[in-house]
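A.B. asks: Have a look at this one before I ask anything.
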Amino acid sequence: MLCNLNDVLLPARREGYAVGLFNTTDTDMLQAALDAAEELRSPVIVGTAEVLLPHGELRLIAPSILAAARRASVPVVVHFDHGLTFERCIEALGLGFSSIMYDGSAGDPAQNAADTRELVRIAHAMGATVEGEIGHVGEAESGDNAARDRYTTVEEAVGFLDRTGVDALAVAIGTAHGAYREPPKLDLERLRQIRARVEAPLVLHGGSGLSDDDFRGAIRGGIAKINIFTDLCLAGAEAMARASAAGLSYLETREKKVEAVREAVRTKMLLFGSAGRA
């Protein structure tokens, strides 16, 4: 069933578990994520991100994601992740996405807040939810996630929520997008301080590559949504490489890819505590 972030994250925040966002650039990844969710009776968030659109254009993949979400027997949020432009966020809403993330965190903070506030106004009028970001979630390739002066402060989080009214807030506490070159060090004390002052569900980006203990600590600290993509890509690529080496056909290779991605999603759902919550 199609729903928005409030439907799945408010219970997660209240009951102390997290719901995974699994970005899906094609229907193989989409099938894997929804199969895992239905098997485990877990709410799930699926979608794509603006940076991924060259690998799966929005108008091409949106109808498949939305149709699958409506058919599903568990709550499914269709989320446009890391919308970098106002225009693409509006396009996603127009196509029927039930949630968007506007990410203006790399630009001027005042402009980020103003643009986010306007998208909140539009999205809420359409029954959709909005995630915003304050602080800087780094890029693993450059290692800038360790720049502590770019982590989200309590004051920034409270002020951003007051100015924008977002439904969920992504915070920077030491994670990075992509495959880590060195193990990240999460500032869980900072996370706990933000959680104590902020009512909106908190979001952890750059989840792929964290240890199980990192995830557990982040969820205990108040994270209600965790983004996963790189781990799914790695699982699928490794499965396809093994299948190709074994001389399997294209369709057999595709099945191995779906199985591997499904298992990666399943593992994360069990770890996040969302299994059995649908």
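Starting from 1 in every chain, residues are counted up; chains themselves are A, B, ... following the order of the structure tokens, and ligands are numbered from 1 as listed.
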Please identify all polymer residues within 12 Å of Leu271 (chain A), counting only C-alpha atoms, omitting same-chain residues fewer than 5 positions from it, and present them as a PyMOL selection string.
C.D. replies: chain A and resi 17-20+40+42+210-219+226+264-266
A.B. asks: For the residues selected in the previous step, produce a file with C-alpha atoms as a compact mmCIF listing (two decimals), in the first residue's frame.
C.D. replies:
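As a result, part.txt now contains:
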# COMPACT_ATOMS: atom_id res chain seq x y z
CA TYR A 17 13.34 0.91 15.33
CA ALA A 18 14.30 2.21 11.88
CA VAL A 19 12.83 1.83 8.39
CA GLY A 20 15.19 1.39 5.47
CA LEU A 40 9.33 -10.06 6.67
CA SER A 42 8.20 -4.82 7.16
CA LEU A 210 28.53 0.76 8.63
CA SER A 211 28.97 -2.05 11.16
CA ASP A 212 25.99 -3.71 12.81
CA ASP A 213 26.99 -2.01 16.07
CA ASP A 214 27.05 1.37 14.30
CA PHE A 215 23.49 0.80 13.12
CA ARG A 216 22.28 -0.36 16.52
CA GLY A 217 23.89 2.62 18.21
CA ALA A 218 22.39 5.05 15.72
CA ILE A 219 18.90 3.59 16.16
CA ILE A 226 18.40 4.68 7.21
CA ALA A 264 20.93 -7.70 1.40
CA VAL A 265 17.63 -5.88 1.99
CA ARG A 266 16.36 -8.67 4.22
A.B. asks: Mind checking DSSP for region 13-213 of chain A and telling me the helix (DSSP H, G or I) residues as a PyMOL selection string?
C.D. replies: chain A and resi 13-15+27-40+50-55+58-71+86-95+109-125+144-146+148-150+154-164+188-197+212-213
A.B. asks: What are the closest atom pairs, with distances in Å to one decimal, for all residues of region 51-126 of chain A lying within 6 Å of region 4-8 of chain A? Consider only C-alpha atoms, order rows by chain and residue number, and present the result as a Markdown table.
C.D. replies:
| residue | atom | partner | partner_atom | distance |
| --- | --- | --- | --- | --- |
| A:Val77 | CA | A:Asn4 | CA | 5.1 |
| A:Ser98 | CA | A:Asn4 | CA | 5.2 |
| A:Ser99 | CA | A:Asn4 | CA | 5.9 |
A.B. asks: How would the residues just chosen look if you wrote them out with C-alpha atoms as a short mmCIF file (atom, residue, chain, number, x, y, z; two decimals), in the first residue's frame?
C.D. replies:
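result.cif, freshly written:
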data_model
loop_
_atom_site.label_atom_id
_atom_site.label_comp_id
_atom_site.auth_asym_id
_atom_site.auth_seq_id
_atom_site.Cartn_x
_atom_site.Cartn_y
_atom_site.Cartn_z
CA VAL A 77 6.77 4.94 0.73
CA SER A 98 4.51 10.17 -1.89
CA SER A 99 7.63 11.75 -0.42
#
A.B. asks: For the structure I just gave you, how does DSSP split region 181-252 of chain A - specifically, which residues are strand (DSSP E)? Reply as a list in words.
C.D. replies: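 Checking each residue of region 181-252 of chain A, the strand (DSSP E) ones are Leu202, Val203, Leu204, Ile223, Ala224, Lys225, Ile226, Asn227 and Ile228 of chain A.
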